[in-house]
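**Q** Sharing entry11.cif, mmCIF, C-alpha atoms and all ligand atoms:
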```
data_work
loop_
_atom_site.label_atom_id
_atom_site.label_comp_id
_atom_site.auth_asym_id
_atom_site.auth_seq_id
_atom_site.Cartn_x
_atom_site.Cartn_y
_atom_site.Cartn_z
CA MET A 26 127.28 8.28 63.61
CA ARG A 27 126.42 11.63 65.05
CA ARG A 28 127.75 12.99 68.30
CA PRO A 29 126.62 15.79 70.61
CA VAL A 30 128.66 18.98 70.72
CA VAL A 31 128.59 21.83 73.24
CA ASP A 32 129.26 25.37 72.03
CA LEU A 33 131.17 26.61 75.06
CA SER A 34 130.97 30.23 73.94
CA ASP A 35 127.24 30.13 74.77
CA CYS A 36 127.32 27.74 77.73
CA VAL A 37 126.25 29.42 80.99
CA ASP A 38 127.58 26.56 83.09
CA CYS A 39 124.28 25.56 84.64
CA GLU A 40 125.23 21.84 84.74
CA GLY A 41 121.78 20.88 83.53
CA CYS A 42 123.21 18.61 80.86
CA VAL A 43 125.50 16.98 83.42
CA SER A 44 122.60 16.15 85.70
CA VAL A 45 120.40 14.85 82.85
CA CYS A 46 123.05 12.81 81.08
CA PRO A 47 126.24 12.43 83.18
CA GLN A 48 127.55 9.58 81.04
CA VAL A 49 127.95 12.01 78.13
CA PHE A 50 128.35 15.49 79.62
CA VAL A 51 131.04 16.01 82.25
CA ARG A 52 132.89 18.91 83.78
CA ASN A 53 136.55 18.47 82.95
CA GLU A 54 139.54 19.39 85.09
CA THR A 55 139.73 22.86 83.54
CA GLY A 56 136.16 23.57 84.64
CA TYR A 57 134.48 23.38 81.25
CA ILE A 58 131.67 21.11 80.12
CA GLU A 59 133.00 18.35 77.90
CA VAL A 60 131.38 15.65 75.76
CA GLN A 61 132.69 12.18 76.50
CA GLU A 62 133.68 9.86 73.70
CA CYS A 63 131.02 7.14 73.53
CA ALA A 64 130.64 4.21 71.19
CA VAL A 65 126.91 4.86 71.19
CA TYR A 66 125.30 8.01 72.55
CA PRO A 67 122.01 7.64 74.46
CA GLU A 68 119.84 9.60 72.02
CA ALA A 69 116.87 10.17 74.31
CA LEU A 70 118.98 11.53 77.16
CA VAL A 71 121.03 13.74 74.84
CA GLU A 72 117.79 15.04 73.31
CA GLU A 73 116.53 15.82 76.80
CA ALA A 74 119.74 17.73 77.56
CA ILE A 75 119.38 19.63 74.27
CA MET A 76 115.80 20.57 75.13
CA MET A 77 116.54 21.74 78.64
CA CYS A 78 119.78 23.61 77.93
CA PRO A 79 118.91 27.26 78.68
CA SER A 80 121.46 28.53 76.15
CA HIS A 81 120.53 26.12 73.34
CA CYS A 82 124.20 25.41 72.90
CA ILE A 83 124.07 21.62 72.61
CA PHE A 84 123.57 20.21 69.14
CA TRP A 85 124.21 17.10 67.10
CA GLU A 86 127.13 16.99 64.71
CA ASP A 87 127.58 14.35 62.03
CA ASP A 88 130.75 12.37 62.33
CA GLU A 89 131.93 12.43 58.72
CA GLU A 90 134.38 9.57 59.14
CA THR A 91 131.61 7.03 59.62
CA THR A 92 128.96 8.43 57.28
CA SER A 93 130.62 7.43 54.01
S1 LIG B 1 122.86 22.63 79.90
FE1 LIG B 1 123.74 24.00 78.34
S2 LIG B 1 124.26 25.88 79.45
FE2 LIG B 1 123.94 24.29 80.97
S3 LIG B 1 126.02 23.45 81.36
FE3 LIG B 1 125.05 22.17 79.77
S4 LIG B 1 125.72 23.07 77.83
FE4 LIG B 1 126.09 24.61 79.42
#
```
Can the structure in the file be given as structure tokens, please?
**A**
Amino acid sequence: MRRPVVDLSDCVDCEGCVSVCPQVFVRNETGYIEVQECAVYPEALVEEAIMMCPSHCIFWEDDEETTS
């Protein structure tokens, strides 16, 4: 399975991803955007967040443990 990842070094903290897909992207207690662990990620909503992220810092990463 693949999972979304946020590159925090490029994130400008606009909260766009949180408003588009709050079940996946959350602001954690330290103030950073965090990707929730999900059994299944809502592909369409994650894709929408990827497209609207002004910093292009959300991307899919393959989870190697489940691809073999
Ligand atoms: S949409 Fe992109 S820049 Fe905005 S908070 Fe989410 S990851 Fe950061």
**Q** Rank A:Cys46, A:Val51, A:Val65, A:Met76 by their smallest atom-to-atom distance to Arg28 of chain A, using only C-alpha atoms, and report the top residue only.
**A** A:Val65
**Q** May I ask for the distance between atom CA of Ser80 of chain A and atom CA of Ala64 of chain A, given in Å to one decimal place?
**A**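 It comes out at 26.5 Å.
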**Q** Kindly compile the residues surrounding ligand LIG 1 (chain B) within 12 Å, counting all atoms listed in the file, and format them as a PDB file with C-alpha atoms, in the frame of the given file.
**A**
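See out_39.pdb below for the written result:
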```
ATOM      1  CA  PRO A  29     126.620  15.790  70.610  1.00  0.00           C
ATOM      2  CA  VAL A  30     128.660  18.980  70.720  1.00  0.00           C
ATOM      3  CA  VAL A  31     128.590  21.830  73.240  1.00  0.00           C
ATOM      4  CA  ASP A  32     129.260  25.370  72.030  1.00  0.00           C
ATOM      5  CA  LEU A  33     131.170  26.610  75.060  1.00  0.00           C
ATOM      6  CA  SER A  34     130.970  30.230  73.940  1.00  0.00           C
ATOM      7  CA  ASP A  35     127.240  30.130  74.770  1.00  0.00           C
ATOM      8  CA  CYS A  36     127.320  27.740  77.730  1.00  0.00           C
ATOM      9  CA  VAL A  37     126.250  29.420  80.990  1.00  0.00           C
ATOM     10  CA  ASP A  38     127.580  26.560  83.090  1.00  0.00           C
ATOM     11  CA  CYS A  39     124.280  25.560  84.640  1.00  0.00           C
ATOM     12  CA  GLU A  40     125.230  21.840  84.740  1.00  0.00           C
ATOM     13  CA  GLY A  41     121.780  20.880  83.530  1.00  0.00           C
ATOM     14  CA  CYS A  42     123.210  18.610  80.860  1.00  0.00           C
ATOM     15  CA  VAL A  43     125.500  16.980  83.420  1.00  0.00           C
ATOM     16  CA  SER A  44     122.600  16.150  85.700  1.00  0.00           C
ATOM     17  CA  VAL A  45     120.400  14.850  82.850  1.00  0.00           C
ATOM     18  CA  CYS A  46     123.050  12.810  81.080  1.00  0.00           C
ATOM     19  CA  PRO A  47     126.240  12.430  83.180  1.00  0.00           C
ATOM     20  CA  VAL A  49     127.950  12.010  78.130  1.00  0.00           C
ATOM     21  CA  PHE A  50     128.350  15.490  79.620  1.00  0.00           C
ATOM     22  CA  VAL A  51     131.040  16.010  82.250  1.00  0.00           C
ATOM     23  CA  ARG A  52     132.890  18.910  83.780  1.00  0.00           C
ATOM     24  CA  ASN A  53     136.550  18.470  82.950  1.00  0.00           C
ATOM     25  CA  GLY A  56     136.160  23.570  84.640  1.00  0.00           C
ATOM     26  CA  TYR A  57     134.480  23.380  81.250  1.00  0.00           C
ATOM     27  CA  ILE A  58     131.670  21.110  80.120  1.00  0.00           C
ATOM     28  CA  GLU A  59     133.000  18.350  77.900  1.00  0.00           C
ATOM     29  CA  VAL A  60     131.380  15.650  75.760  1.00  0.00           C
ATOM     30  CA  VAL A  71     121.030  13.740  74.840  1.00  0.00           C
ATOM     31  CA  GLU A  72     117.790  15.040  73.310  1.00  0.00           C
ATOM     32  CA  GLU A  73     116.530  15.820  76.800  1.00  0.00           C
ATOM     33  CA  ALA A  74     119.740  17.730  77.560  1.00  0.00           C
ATOM     34  CA  ILE A  75     119.380  19.630  74.270  1.00  0.00           C
ATOM     35  CA  MET A  76     115.800  20.570  75.130  1.00  0.00           C
ATOM     36  CA  MET A  77     116.540  21.740  78.640  1.00  0.00           C
ATOM     37  CA  CYS A  78     119.780  23.610  77.930  1.00  0.00           C
ATOM     38  CA  PRO A  79     118.910  27.260  78.680  1.00  0.00           C
ATOM     39  CA  SER A  80     121.460  28.530  76.150  1.00  0.00           C
ATOM     40  CA  HIS A  81     120.530  26.120  73.340  1.00  0.00           C
ATOM     41  CA  CYS A  82     124.200  25.410  72.900  1.00  0.00           C
ATOM     42  CA  ILE A  83     124.070  21.620  72.610  1.00  0.00           C
ATOM     43  CA  PHE A  84     123.570  20.210  69.140  1.00  0.00           C
TER      44      PHE A  84
END
```
**Q** Counting only C-alpha atoms, which of A:Cys63, A:Asp87, A:Ala69, A:Arg27 gets nearest to Gln48 of chain A?
**A** A:Cys63
**Q** Extending 6 Å beyond the listed atoms of segment 86-89 of chain A on each side, what axis-aligned box results? I want centre and edge lengths in Å to one decimal, as AutoDock Vina command-line options.
**A**
```
--center_x 129.5 --center_y 14.7 --center_z 61.7 --size_x 16.8 --size_y 16.6 --size_z 18.0
```
**Q** Generate the missing atoms of segment 74-87 of chain A up to N, CA, C and O atoms and report them as an mmCIF file, in the coordinates of the input.
**A**
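Contents of part28.cif, freshly written:
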```cif
data_model
loop_
_atom_site.group_PDB
_atom_site.id
_atom_site.type_symbol
_atom_site.label_atom_id
_atom_site.label_comp_id
_atom_site.auth_asym_id
_atom_site.auth_seq_id
_atom_site.Cartn_x
_atom_site.Cartn_y
_atom_site.Cartn_z
ATOM 1 N N ALA A 74 118.763 16.685 77.204
ATOM 2 C CA ALA A 74 119.740 17.730 77.560
ATOM 3 C C ALA A 74 119.652 18.891 76.575
ATOM 4 O O ALA A 74 119.704 20.065 76.965
ATOM 5 N N ILE A 75 119.504 18.576 75.294
ATOM 6 C CA ILE A 75 119.380 19.630 74.270
ATOM 7 C C ILE A 75 118.161 20.490 74.554
ATOM 8 O O ILE A 75 118.216 21.722 74.495
ATOM 9 N N MET A 76 117.054 19.837 74.917
ATOM 10 C CA MET A 76 115.800 20.570 75.130
ATOM 11 C C MET A 76 115.859 21.448 76.374
ATOM 12 O O MET A 76 115.277 22.536 76.400
ATOM 13 N N MET A 77 116.563 20.973 77.404
ATOM 14 C CA MET A 77 116.540 21.740 78.640
ATOM 15 C C MET A 77 117.691 22.730 78.771
ATOM 16 O O MET A 77 117.710 23.554 79.681
ATOM 17 N N CYS A 78 118.650 22.674 77.864
ATOM 18 C CA CYS A 78 119.780 23.610 77.930
ATOM 19 C C CYS A 78 119.283 25.046 77.753
ATOM 20 O O CYS A 78 118.707 25.375 76.721
ATOM 21 N N PRO A 79 119.472 25.905 78.757
ATOM 22 C CA PRO A 79 118.910 27.260 78.680
ATOM 23 C C PRO A 79 119.565 28.121 77.593
ATOM 24 O O PRO A 79 118.989 29.119 77.170
ATOM 25 N N SER A 80 120.748 27.734 77.161
ATOM 26 C CA SER A 80 121.460 28.530 76.150
ATOM 27 C C SER A 80 121.341 27.946 74.750
ATOM 28 O O SER A 80 121.875 28.501 73.799
ATOM 29 N N HIS A 81 120.663 26.793 74.640
ATOM 30 C CA HIS A 81 120.530 26.120 73.340
ATOM 31 C C HIS A 81 121.888 25.939 72.677
ATOM 32 O O HIS A 81 122.038 26.192 71.481
ATOM 33 N N CYS A 82 122.853 25.520 73.459
ATOM 34 C CA CYS A 82 124.200 25.410 72.900
ATOM 35 C C CYS A 82 124.678 23.967 72.780
ATOM 36 O O CYS A 82 125.862 23.725 72.578
ATOM 37 N N ILE A 83 123.734 23.026 72.879
ATOM 38 C CA ILE A 83 124.070 21.620 72.610
ATOM 39 C C ILE A 83 123.407 21.248 71.293
ATOM 40 O O ILE A 83 122.238 21.547 71.084
ATOM 41 N N PHE A 84 124.159 20.628 70.415
ATOM 42 C CA PHE A 84 123.570 20.210 69.140
ATOM 43 C C PHE A 84 124.269 18.948 68.644
ATOM 44 O O PHE A 84 125.351 18.594 69.106
ATOM 45 N N TRP A 85 123.626 18.297 67.705
ATOM 46 C CA TRP A 85 124.210 17.100 67.100
ATOM 47 C C TRP A 85 125.123 17.497 65.953
ATOM 48 O O TRP A 85 124.817 18.415 65.208
ATOM 49 N N GLU A 86 126.218 16.774 65.833
ATOM 50 C CA GLU A 86 127.130 16.990 64.710
ATOM 51 C C GLU A 86 127.376 15.633 64.050
ATOM 52 O O GLU A 86 127.631 14.645 64.740
ATOM 53 N N ASP A 87 127.311 15.602 62.743
ATOM 54 C CA ASP A 87 127.580 14.350 62.030
ATOM 55 C C ASP A 87 129.057 14.057 62.047
ATOM 56 O O ASP A 87 129.880 14.924 61.779
#
```
